[in-house]
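Trainee: I'm passing along model_5.txt; it holds compact mmCIF, C-alpha atoms and all ligand atoms.
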```txt
# COMPACT_ATOMS: atom_id res chain seq x y z
CA MET O 710 0.00 0.00 0.00
CA GLY O 711 1.34 3.47 -0.88
CA THR O 712 1.77 6.26 1.63
CA ALA O 713 -1.20 8.20 0.22
CA GLN O 714 -3.42 5.14 0.53
CA GLN O 715 -2.22 4.54 4.09
CA ALA O 716 -3.00 8.15 5.01
CA ALA O 717 -6.47 7.84 3.48
CA GLY O 718 -7.02 4.60 5.38
CA ALA O 719 -5.95 6.19 8.68
CA ARG O 720 -8.27 9.14 8.00
CA GLN O 721 -11.19 6.80 7.28
CA SER O 722 -10.53 4.93 10.50
CA LEU O 723 -10.43 8.16 12.52
CA ILE O 724 -13.70 9.30 10.97
CA ARG O 725 -15.31 5.96 11.76
CA GLU O 726 -14.11 6.15 15.39
CA SER O 727 -15.45 9.64 15.81
CA ASN O 728 -18.78 8.70 14.19
CA LEU O 729 -19.13 5.61 16.40
CA GLY O 730 -18.92 7.89 19.44
CA LEU O 731 -21.41 10.33 17.95
CA VAL O 732 -23.99 7.58 17.31
CA LEU O 733 -23.53 6.08 20.78
CA ARG O 734 -23.83 9.46 22.51
CA THR O 735 -26.91 10.38 20.44
CA VAL O 736 -28.75 7.23 21.56
CA CYS O 737 -27.59 7.64 25.20
CA ALA O 738 -28.66 11.30 25.32
CA ALA O 739 -32.20 10.61 24.09
CA ASP O 740 -35.12 10.53 26.51
CA ALA O 741 -36.80 7.77 24.46
CA PRO O 742 -35.51 4.97 22.20
CA LEU O 743 -34.38 6.17 18.75
CA SER O 744 -34.62 4.41 15.40
CA ARG O 745 -31.72 4.33 12.95
CA ALA O 746 -33.57 6.96 10.90
CA ASP O 747 -33.85 9.17 14.02
CA VAL O 748 -30.10 8.84 14.62
CA ALA O 749 -29.38 9.71 10.96
CA ALA O 750 -31.57 12.82 11.22
CA LEU O 751 -29.99 13.92 14.52
CA THR O 752 -26.39 13.40 13.38
CA SER O 753 -26.75 14.53 9.73
CA MET O 754 -25.24 11.24 8.57
CA THR O 755 -26.68 9.01 5.86
CA ARG O 756 -28.97 6.11 6.78
CA SER O 757 -26.47 3.58 5.43
CA THR O 758 -23.52 5.04 7.39
CA VAL O 759 -25.59 5.09 10.57
CA SER O 760 -26.75 1.52 9.97
CA ARG O 761 -23.20 0.24 9.63
CA LEU O 762 -22.11 2.04 12.81
CA VAL O 763 -25.19 0.84 14.71
CA ASP O 764 -24.49 -2.74 13.60
CA ASP O 765 -20.99 -2.47 15.12
CA LEU O 766 -22.33 -0.96 18.35
CA VAL O 767 -25.09 -3.60 18.62
CA SER O 768 -22.68 -6.47 17.94
CA THR O 769 -20.42 -5.32 20.78
CA GLY O 770 -23.36 -4.73 23.11
CA LEU O 771 -22.86 -0.98 23.50
CA LEU O 772 -26.34 -0.58 22.02
CA ASP O 773 -29.30 -2.94 22.31
CA GLU O 774 -32.19 -3.27 19.89
CA VAL O 775 -35.52 -3.59 21.65
CA ALA O 776 -38.91 -4.81 20.40
CA PRO O 777 -40.67 -2.19 18.27
CA PRO O 778 -43.92 -0.77 19.59
CA THR O 779 -46.93 -2.72 18.34
CA GLY O 780 -50.00 -1.37 16.60
CA ARG O 781 -48.20 0.88 14.10
CA GLN O 782 -48.87 0.77 10.34
CA GLY O 783 -46.16 -0.55 8.00
CA ARG O 784 -42.78 -2.07 8.90
CA PRO O 785 -41.90 -0.77 12.36
CA ALA O 786 -38.42 0.66 13.02
CA THR O 787 -36.37 -1.17 15.66
CA PRO O 788 -35.74 1.15 18.62
CA LEU O 789 -32.20 1.49 19.94
CA VAL O 790 -31.26 1.87 23.60
CA PRO O 791 -27.94 1.87 25.52
CA GLY O 792 -26.63 -1.66 26.06
CA THR O 793 -26.94 -3.55 29.33
CA ARG O 794 -23.72 -5.54 28.89
CA TRP O 795 -21.47 -2.59 29.73
CA ALA O 796 -21.11 -1.29 33.25
CA ALA O 797 -18.71 0.30 35.72
CA LEU O 798 -17.95 -0.20 39.39
CA GLY O 799 -18.56 2.79 41.67
CA LEU O 800 -17.15 2.79 45.20
CA GLN O 801 -17.51 5.20 48.08
CA VAL O 802 -15.91 5.65 51.48
CA ASN O 803 -17.64 8.05 53.81
CA ALA O 804 -17.35 8.72 57.52
CA GLY O 805 -20.50 6.64 58.07
CA TYR O 806 -20.38 3.87 55.45
CA LEU O 807 -18.72 1.91 52.67
CA ALA O 808 -20.52 1.43 49.37
CA ALA O 809 -19.99 -0.52 46.15
CA ARG O 810 -22.27 -0.31 43.13
CA VAL O 811 -22.34 -1.57 39.58
CA VAL O 812 -24.04 0.85 37.19
CA ASP O 813 -24.74 -0.06 33.56
CA LEU O 814 -24.79 2.06 30.43
CA ARG O 815 -28.53 2.68 30.91
CA GLY O 816 -27.78 4.18 34.32
CA ARG O 817 -29.35 1.31 36.23
CA VAL O 818 -27.80 0.13 39.48
CA VAL O 819 -27.48 -3.58 38.65
CA GLY O 820 -25.98 -4.50 42.01
CA GLU O 821 -24.91 -2.82 45.23
CA ARG O 822 -23.49 -3.44 48.67
CA LEU O 823 -23.70 -0.88 51.45
CA GLU O 824 -22.17 -1.29 54.87
CA ALA O 825 -22.71 1.18 57.71
CA GLN O 826 -19.48 1.74 59.66
CA ASP O 827 -18.11 4.46 61.88
CA LEU O 828 -15.02 5.50 59.94
CA LEU O 829 -14.30 8.76 61.70
CA GLY O 830 -10.55 8.76 62.33
CA SER O 831 -10.20 5.29 60.75
CA ASP O 832 -7.14 3.42 59.44
CA PRO O 833 -6.93 3.90 55.65
CA GLU O 834 -5.46 0.51 54.80
CA THR O 835 -7.89 -1.56 56.91
CA THR O 836 -10.82 0.46 55.57
CA LEU O 837 -9.77 0.17 51.93
CA VAL O 838 -9.23 -3.58 52.26
CA ALA O 839 -12.75 -3.84 53.76
CA LEU O 840 -14.05 -1.82 50.79
CA GLY O 841 -12.19 -4.18 48.45
CA ASP O 842 -13.88 -7.17 50.13
CA LEU O 843 -17.28 -5.50 49.69
CA ALA O 844 -16.51 -4.84 46.01
CA ALA O 845 -15.20 -8.36 45.41
CA ASP O 846 -18.38 -9.78 46.94
CA LEU O 847 -20.47 -7.56 44.66
CA LEU O 848 -18.43 -8.42 41.56
CA ARG O 849 -19.00 -12.13 42.20
CA ARG O 850 -22.75 -11.51 41.86
CA VAL O 851 -22.59 -9.49 38.63
CA PRO O 852 -24.27 -11.48 35.84
CA SER O 853 -21.79 -13.13 33.47
CA GLY O 854 -21.56 -11.30 30.16
CA VAL O 855 -21.48 -7.87 31.85
CA ARG O 856 -18.27 -6.11 30.87
CA LEU O 857 -16.82 -3.72 33.49
CA VAL O 858 -14.96 -0.77 32.02
CA GLY O 859 -13.33 0.51 35.19
CA ALA O 860 -13.75 1.41 38.83
CA GLY O 861 -14.14 4.83 40.44
CA LEU O 862 -13.88 5.69 44.13
CA ALA O 863 -15.60 8.67 45.74
CA LEU O 864 -13.81 10.10 48.77
CA PRO O 865 -14.79 12.86 51.22
CA GLY O 866 -11.81 15.15 50.86
CA ILE O 867 -9.26 16.93 48.71
CA VAL O 868 -8.20 14.61 45.93
CA SER O 869 -5.54 14.76 43.25
CA VAL O 870 -7.41 13.03 40.43
CA SER O 871 -4.39 12.90 38.13
CA SER O 872 -2.02 11.25 40.61
CA GLY O 873 -4.71 9.17 42.33
CA VAL O 874 -3.80 10.51 45.78
CA LEU O 875 -6.28 11.48 48.48
CA LEU O 876 -4.45 14.47 49.94
CA SER O 877 -6.68 15.05 52.94
CA ALA O 878 -10.02 13.83 54.25
CA PRO O 879 -10.48 15.64 57.58
CA ASN O 880 -13.39 13.55 58.86
CA LEU O 881 -11.77 10.21 58.01
CA GLY O 882 -8.50 11.56 59.40
CA TRP O 883 -6.67 10.35 56.27
CA SER O 884 -3.93 12.13 54.38
CA ASP O 885 -1.66 11.20 51.46
CA VAL O 886 -3.29 7.87 50.66
CA ARG O 887 -3.16 6.15 47.24
CA PRO O 888 -6.21 3.85 47.30
CA ALA O 889 -5.28 2.16 44.00
CA ASP O 890 -2.05 0.83 45.58
CA VAL O 891 -3.87 -0.66 48.57
CA LEU O 892 -6.60 -2.20 46.41
CA ALA O 893 -4.12 -3.53 43.85
CA ALA O 894 -1.97 -5.08 46.60
CA SER O 895 -5.02 -6.81 48.04
CA ASP O 896 -6.13 -7.84 44.51
CA ARG O 897 -9.82 -7.36 45.29
CA LEU O 898 -10.84 -5.62 42.05
CA GLY O 899 -9.75 -8.28 39.58
CA GLY O 900 -7.32 -5.94 37.81
CA LEU O 901 -9.91 -3.20 37.12
CA PRO O 902 -8.20 0.20 36.86
CA LEU O 903 -9.23 2.50 39.74
CA SER O 904 -9.63 6.27 39.60
CA ILE O 905 -10.61 8.47 42.53
CA GLY O 906 -12.63 11.66 42.92
CA ASN O 907 -14.23 13.99 45.44
CA GLU O 908 -17.55 12.57 46.68
CA ALA O 909 -19.53 15.81 46.31
CA ASP O 910 -18.24 16.38 42.76
CA LEU O 911 -19.26 12.83 41.87
CA ALA O 912 -22.61 13.02 43.70
CA ALA O 913 -23.39 16.29 41.85
CA ARG O 914 -22.79 14.39 38.64
CA THR O 915 -25.80 12.15 39.40
CA VAL O 916 -28.03 15.26 39.42
CA ALA O 917 -26.52 16.69 36.22
CA GLU O 918 -26.55 13.31 34.42
CA GLU O 919 -29.50 11.03 35.16
CA ALA O 920 -27.99 8.23 33.06
CA PRO O 921 -24.67 8.00 31.18
CA GLY O 922 -24.73 10.79 28.61
CA ARG O 923 -28.30 11.87 29.41
CA SER O 924 -28.84 15.23 31.10
CA GLY O 925 -30.70 15.43 34.38
CA SER O 926 -33.35 17.98 35.29
CA HIS O 927 -30.81 20.62 36.42
CA GLY O 928 -27.81 21.83 34.43
CA ASP O 929 -26.72 24.76 36.62
CA PHE O 930 -26.69 24.30 40.38
CA VAL O 931 -24.69 24.37 43.58
CA TYR O 932 -24.74 20.93 45.17
CA LEU O 933 -24.35 20.34 48.89
CA SER O 934 -23.59 16.84 49.98
CA GLY O 935 -24.65 16.37 53.57
CA GLU O 936 -22.77 13.54 55.20
CA THR O 937 -20.88 13.69 58.49
CA GLY O 938 -19.34 16.82 57.03
CA ILE O 939 -20.61 18.90 54.14
CA GLY O 940 -19.13 18.59 50.68
CA GLY O 941 -20.00 20.82 47.78
CA ALA O 942 -19.78 21.28 44.05
CA ALA O 943 -20.75 23.98 41.59
CA VAL O 944 -22.16 22.74 38.29
CA LEU O 945 -22.50 24.90 35.19
CA ASP O 946 -23.90 23.61 31.89
CA GLY O 947 -23.94 20.11 33.36
CA ARG O 948 -20.23 20.15 34.21
CA VAL O 949 -18.68 20.29 37.66
CA MET O 950 -16.51 23.40 37.99
CA THR O 951 -13.47 21.78 39.53
CA GLY O 952 -11.16 24.78 39.78
CA ARG O 953 -7.47 24.75 38.83
CA HIS O 954 -6.52 21.69 40.91
CA GLY O 955 -9.89 19.97 41.20
CA TRP O 956 -10.46 21.33 44.70
CA ALA O 957 -13.28 23.85 44.11
CA GLY O 958 -16.64 23.62 45.85
CA GLU O 959 -15.63 23.12 49.49
CA VAL O 960 -18.72 24.96 50.73
CA GLY O 961 -18.62 22.95 53.98
CA HIS O 962 -15.45 24.85 54.95
CA VAL O 963 -16.75 28.30 54.11
CA CYS O 964 -16.54 30.29 57.34
CA VAL O 965 -19.83 31.53 58.73
CA ASP O 966 -18.35 32.80 62.02
CA PRO O 967 -14.59 33.24 62.56
CA ASP O 968 -15.19 32.96 66.33
CA GLY O 969 -17.15 29.75 65.91
CA PRO O 970 -16.22 26.18 66.90
CA VAL O 971 -12.93 24.65 65.71
CA CYS O 972 -13.35 22.47 62.62
CA ARG O 973 -11.57 19.20 61.81
CA CYS O 974 -9.98 21.01 58.85
CA GLY O 975 -8.03 23.23 61.27
CA SER O 976 -10.07 26.37 60.65
CA SER O 977 -12.96 27.61 62.78
CA GLY O 978 -16.61 28.42 62.33
CA CYS O 979 -16.94 26.38 59.11
CA LEU O 980 -20.43 25.70 57.77
CA GLU O 981 -20.20 22.01 58.65
CA GLN O 982 -19.79 22.89 62.33
CA TYR O 983 -23.40 24.15 62.22
CA ALA O 984 -25.11 22.16 59.48
CA GLY O 985 -23.05 18.94 59.28
CA LYS O 986 -25.02 15.90 60.41
CA ARG O 987 -23.20 15.39 63.71
CA ALA O 988 -23.22 19.07 64.59
CA LEU O 989 -26.93 19.33 63.84
CA LEU O 990 -27.92 16.22 65.79
CA ALA O 991 -25.73 17.17 68.76
CA ALA O 992 -27.17 20.70 68.87
CA ALA O 993 -30.67 19.22 68.76
CA GLY O 994 -29.87 16.96 71.74
CA LEU O 995 -30.23 13.82 69.65
CA PRO O 996 -27.85 10.83 69.69
CA LEU O 997 -25.28 10.87 66.88
CA ASP O 998 -26.79 7.75 65.30
CA ALA O 999 -30.24 9.37 65.06
CA SER O 1000 -31.56 10.02 61.56
CA PRO O 1001 -32.49 13.33 59.94
CA SER O 1002 -36.11 12.18 60.00
CA ASP O 1003 -35.89 11.94 63.83
CA LEU O 1004 -34.78 15.57 63.81
CA VAL O 1005 -37.60 16.59 61.48
CA ALA O 1006 -40.11 14.77 63.72
CA ARG O 1007 -38.82 16.64 66.80
CA VAL O 1008 -39.09 20.00 65.05
CA GLU O 1009 -42.59 19.21 63.84
CA ALA O 1010 -43.55 18.16 67.38
CA GLY O 1011 -42.47 21.62 68.59
CA ASP O 1012 -39.27 20.57 70.44
CA PRO O 1013 -37.55 23.92 71.15
CA ARG O 1014 -33.97 22.54 71.21
CA ALA O 1015 -34.40 20.78 67.85
CA SER O 1016 -36.01 23.91 66.36
CA GLN O 1017 -33.16 26.05 67.62
CA ALA O 1018 -30.57 23.69 66.09
CA VAL O 1019 -32.38 23.78 62.75
CA ASP O 1020 -32.66 27.60 62.84
CA ARG O 1021 -28.94 27.86 63.54
CA ALA O 1022 -28.09 25.44 60.71
CA ALA O 1023 -30.43 27.25 58.30
CA ARG O 1024 -28.84 30.58 59.11
CA ALA O 1025 -25.33 29.17 58.59
CA LEU O 1026 -26.39 27.58 55.30
CA ALA O 1027 -27.93 30.85 54.11
CA VAL O 1028 -24.81 32.88 54.99
CA ALA O 1029 -22.45 30.44 53.23
CA LEU O 1030 -24.71 29.89 50.22
CA ALA O 1031 -25.46 33.60 49.75
CA GLY O 1032 -21.71 34.10 49.37
CA VAL O 1033 -21.52 31.30 46.84
CA VAL O 1034 -24.52 32.50 44.81
CA ASN O 1035 -23.36 36.13 44.88
CA VAL O 1036 -19.96 35.07 43.53
CA LEU O 1037 -21.05 32.45 40.99
CA ASP O 1038 -24.54 33.53 39.80
CA ILE O 1039 -25.87 29.99 40.09
CA PRO O 1040 -29.15 30.48 41.99
CA THR O 1041 -30.28 26.85 42.28
CA VAL O 1042 -29.05 24.88 45.27
CA VAL O 1043 -29.51 21.10 45.39
CA LEU O 1044 -29.41 19.53 48.84
CA GLY O 1045 -28.22 15.93 49.09
CA GLY O 1046 -27.64 13.51 51.97
CA HIS O 1047 -28.90 14.51 55.43
CA LEU O 1048 -29.51 18.08 54.23
CA GLY O 1049 -31.91 16.73 51.61
CA GLU O 1050 -33.60 14.51 54.19
CA ALA O 1051 -34.09 17.50 56.50
CA ALA O 1052 -35.03 19.88 53.66
CA GLY O 1053 -38.66 20.00 54.80
CA VAL O 1054 -37.63 21.98 57.91
CA LEU O 1055 -34.46 23.65 56.54
CA ALA O 1056 -35.22 24.75 53.00
CA PRO O 1057 -38.00 27.35 53.51
CA ALA O 1058 -35.88 29.38 55.96
CA VAL O 1059 -32.72 29.09 53.83
CA GLU O 1060 -34.61 30.13 50.72
CA ALA O 1061 -36.10 33.18 52.43
CA MET O 1062 -32.71 34.30 53.78
CA LEU O 1063 -31.04 33.72 50.41
CA HIS O 1064 -33.65 35.92 48.79
CA GLU O 1065 -32.64 38.72 51.17
CA ARG O 1066 -28.88 38.20 50.91
CA VAL O 1067 -28.34 37.55 47.21
CA LEU O 1068 -27.94 40.80 45.30
CA SER O 1069 -29.60 39.47 42.15
CA GLY O 1070 -32.38 37.78 44.15
CA ARG O 1071 -34.88 40.44 43.01
CA TRP O 1072 -34.62 39.18 39.42
CA VAL O 1073 -34.03 35.50 39.87
CA ARG O 1074 -35.17 34.17 43.21
CA PRO O 1075 -32.69 31.61 44.57
CA ARG O 1076 -34.33 28.26 45.14
CA ILE O 1077 -33.53 25.13 47.06
CA VAL O 1078 -34.34 21.73 45.62
CA THR O 1079 -33.77 18.28 47.05
CA ALA O 1080 -31.65 15.58 45.41
CA PRO O 1081 -33.34 12.19 45.00
CA ALA O 1082 -32.87 10.15 48.20
CA ASP O 1083 -29.82 7.93 47.72
CA PRO O 1084 -27.53 6.52 50.41
CA ALA O 1085 -24.39 6.62 48.21
CA PRO O 1086 -24.70 9.00 45.24
CA GLY O 1087 -20.90 9.39 45.11
CA ALA O 1088 -20.57 5.70 44.18
CA THR O 1089 -23.03 6.13 41.30
CA GLY O 1090 -21.25 9.31 40.17
CA ALA O 1091 -17.91 7.49 40.22
CA ALA O 1092 -19.35 4.77 37.96
CA LEU O 1093 -20.88 7.42 35.66
CA ARG O 1094 -17.47 9.01 35.26
CA GLU O 1095 -15.96 5.68 34.17
CA LEU O 1096 -18.78 5.13 31.67
CA ALA O 1097 -18.29 8.66 30.29
CA ALA O 1098 -14.89 7.54 29.00
CA VAL O 1099 -16.60 4.87 26.88
CA LEU O 1100 -19.10 7.39 25.50
CA ALA O 1101 -16.29 9.82 24.70
CA GLY O 1102 -14.48 7.23 22.57
CA PRO O 1103 -16.08 3.79 22.19
CA ALA O 1104 -13.76 2.55 19.42
CA PRO O 1105 -11.01 1.09 21.65
CA TRP O 1106 -13.68 -0.66 23.68
CA THR O 1107 -15.40 -2.18 20.66
CA ASP O 1108 -12.04 -3.36 19.30
CA ARG O 1109 -11.14 -4.84 22.68
CA ALA O 1110 -14.53 -6.51 22.84
CA THR O 1111 -13.99 -8.02 19.41
CA ALA O 1112 -10.58 -9.29 20.45
CA VAL O 1113 -12.03 -10.91 23.56
CA SER O 1114 -14.99 -12.57 21.87
CA GLY O 1115 -13.19 -13.40 18.59
CA PRO O 1116 -11.72 -16.79 17.67
ZN ZN O 1201 -13.56 23.33 58.17
```
How does the structure come out when it is put into structure tokens?
Mentor:
Amino acid sequence: MGTAQQAAGARQSLIRESNLGLVLRTVCAADAPLSRADVAALTSMTRSTVSRLVDDLVSTGLLDEVAPPTGRQGRPATPLVPGTRWAALGLQVNAGYLAARVVDLRGRVVGERLEAQDLLGSDPETTLVALGDLAADLLRRVPSGVRLVGAGLALPGIVSVSSGVLLSAPNLGWSDVRPADVLAASDRLGGLPLSIGNEADLAARTVAEEAPGRSGSHGDFVYLSGETGIGGAAVLDGRVMTGRHGWAGEVGHVCVDPDGPVCRCGSSGCLEQYAGKRALLAAAGLPLDASPSDLVARVEAGDPRASQAVDRAARALAVALAGVVNVLDIPTVVLGGHLGEAAGVLAPAVEAMLHERVLSGRWVRPRIVTAPADPAPGATGAALRELAAVLAGPAPWTDRATAVSGP
């Protein structure tokens, strides 16, 4: 083959790779199943090109063909949906639990294991080995034929995504930990590559992206993840604004009173010292293992101490969030975790105070919405991030799949 022919061949192959991704993302982004003709119309490609690409994606299981709707005139088109044979492992360590989940390309949780544990000030290695055991147990139950593309781990702290190092997680008491090393040494993940991320950034992803490649109901929002501490993320146009080093969004450590209580991060008067789960329950006179619904019940029953704790938390949330909204012009706040569970008693007061404190509140009233109840959204977000890599460039995966299933 001549050089010109080789160049043309390489160009063709690049075009095919890019078009494969475009077809896959178009089907994943759709709210309802698409036909090949729908995909051709949406991508401005010819029917025959789309059909060839769809055949490749269907044969590798990245897309599935489902039964056409009955009762239509003529030859019905076969609807296309994201495949169920591709999935990712999402893991999460939080101060109160370990979680492992398998999420498929349709965004369904096909298996999960959650284990409540008090991990405040825990040993990183013991905890990560326990997480590996949980994951290994889950992976044994994944149906055969499901192909895992990778594993992601959500952690409550400052993370260096590129080097895979958790720099600091104040509530866990961990610093400078490389989870991939511990998990690889214990060989619990069956050789799956592991990436790590901040739990609030990953949890926010589940609000922005309701399934891999499909937008959720909010594209611009500030997310607060209420766990033992409070994590945060700012999302614009469906993307988490990570900042220069990936450390943006630490709303839990925004100071609401410099003379306030000392925080585990070393500062004082941080938001999480007022509205973090432990702080809130302790101020309400409830045991630390009580649930946010116990707190809500006390407030609704007229318990003055619980009401006072909620008022104090609402005020702290409003002060911190007003600063965030004034700076970023993102007037929707999504509350997750315990903050979402207590939103019934917290949100009205926070919303009213935000309206007063946000300069632009006259034109666009800040609003508080609640994230869907989910014990480990960071684990799902971590899996979504792994699946996003397949959507961004499916060609290597389809080639690998061919190599595995070929003669
Ligand atoms: Zn702090």
Trainee: Using 6 Å as the limit and counting all atoms listed in the file, can you tabulate each residue of chain O that touches ligand ZN 1201 (chain O), with its shortest atom-to-atom distance in Å and the two atoms involved, as a Markdown table?
Mentor:
```
| residue | atom | partner | partner_atom | distance |
| --- | --- | --- | --- | --- |
| O:His962 | CA | O:ZN1201 | ZN | 4.0 |
| O:Cys972 | CA | O:ZN1201 | ZN | 4.5 |
| O:Arg973 | CA | O:ZN1201 | ZN | 5.9 |
| O:Cys974 | CA | O:ZN1201 | ZN | 4.3 |
| O:Ser976 | CA | O:ZN1201 | ZN | 5.3 |
| O:Cys979 | CA | O:ZN1201 | ZN | 4.6 |
```
Trainee: Write out, as a PDB file, in the frame of the given file, the residues just selected, with C-alpha atoms.
Mentor:
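The result, stored in selection_8.pdb:
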```pdb
ATOM      1  CA  HIS O 962     -15.450  24.850  54.950  1.00  0.00           C
ATOM      2  CA  CYS O 972     -13.350  22.470  62.620  1.00  0.00           C
ATOM      3  CA  ARG O 973     -11.570  19.200  61.810  1.00  0.00           C
ATOM      4  CA  CYS O 974      -9.980  21.010  58.850  1.00  0.00           C
ATOM      5  CA  SER O 976     -10.070  26.370  60.650  1.00  0.00           C
ATOM      6  CA  CYS O 979     -16.940  26.380  59.110  1.00  0.00           C
TER       7      CYS O 979
END
```
Trainee: What lies within 8 Å of Gly799 in chain O using only C-alpha atoms, ignoring chain neighbours under 4 positions off, as a PDB file with C-alpha atoms, in the frame of the given file?
Mentor:
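What landed in selection.pdb:
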```pdb
ATOM      1  CA  ALA O 809     -19.990  -0.520  46.150  1.00  0.00           C
ATOM      2  CA  ARG O 810     -22.270  -0.310  43.130  1.00  0.00           C
ATOM      3  CA  VAL O 811     -22.340  -1.570  39.580  1.00  0.00           C
ATOM      4  CA  VAL O 812     -24.040   0.850  37.190  1.00  0.00           C
ATOM      5  CA  ALA O 860     -13.750   1.410  38.830  1.00  0.00           C
ATOM      6  CA  GLY O 861     -14.140   4.830  40.440  1.00  0.00           C
ATOM      7  CA  LEU O 862     -13.880   5.690  44.130  1.00  0.00           C
ATOM      8  CA  ALA O 863     -15.600   8.670  45.740  1.00  0.00           C
ATOM      9  CA  GLY O1087     -20.900   9.390  45.110  1.00  0.00           C
ATOM     10  CA  ALA O1088     -20.570   5.700  44.180  1.00  0.00           C
ATOM     11  CA  THR O1089     -23.030   6.130  41.300  1.00  0.00           C
ATOM     12  CA  GLY O1090     -21.250   9.310  40.170  1.00  0.00           C
ATOM     13  CA  ALA O1091     -17.910   7.490  40.220  1.00  0.00           C
ATOM     14  CA  ALA O1092     -19.350   4.770  37.960  1.00  0.00           C
ATOM     15  CA  LEU O1093     -20.880   7.420  35.660  1.00  0.00           C
TER      16      LEU O1093
END
```
Trainee: Smallest atom-to-atom distance to Val790 in chain O: which of O:Ser977, O:Thr735, O:Thr915, O:Ser1016, using all atoms listed in the file?
Mentor: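 Looking at the shortest contact to Val790 in chain O, the residue is O:Thr735.
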Trainee: With only C-alpha atoms as the atoms that count, which of O:Arg734, O:Arg1024, O:His1047, O:His1064 lies nearest to Arg815 in chain O?
Mentor: O:Arg734
Trainee: I'd like the neighbourhood of Val891 in chain O as a PyMOL selection string, where a residue qualifies if any of its atoms comes within 8 Å (using all atoms listed in the file), though same-chain residues fewer than 5 positions away should be ignored.
Mentor: chain O and resi 834+837-838
Trainee: Just the residues within 10 Å of Glu959 in chain O, please, counting all atoms listed in the file, with nothing from its chain fewer than 5 positions along; format it as a ChimeraX atom specification.
Mentor: /O:866-867,909-910,933,939-943,980
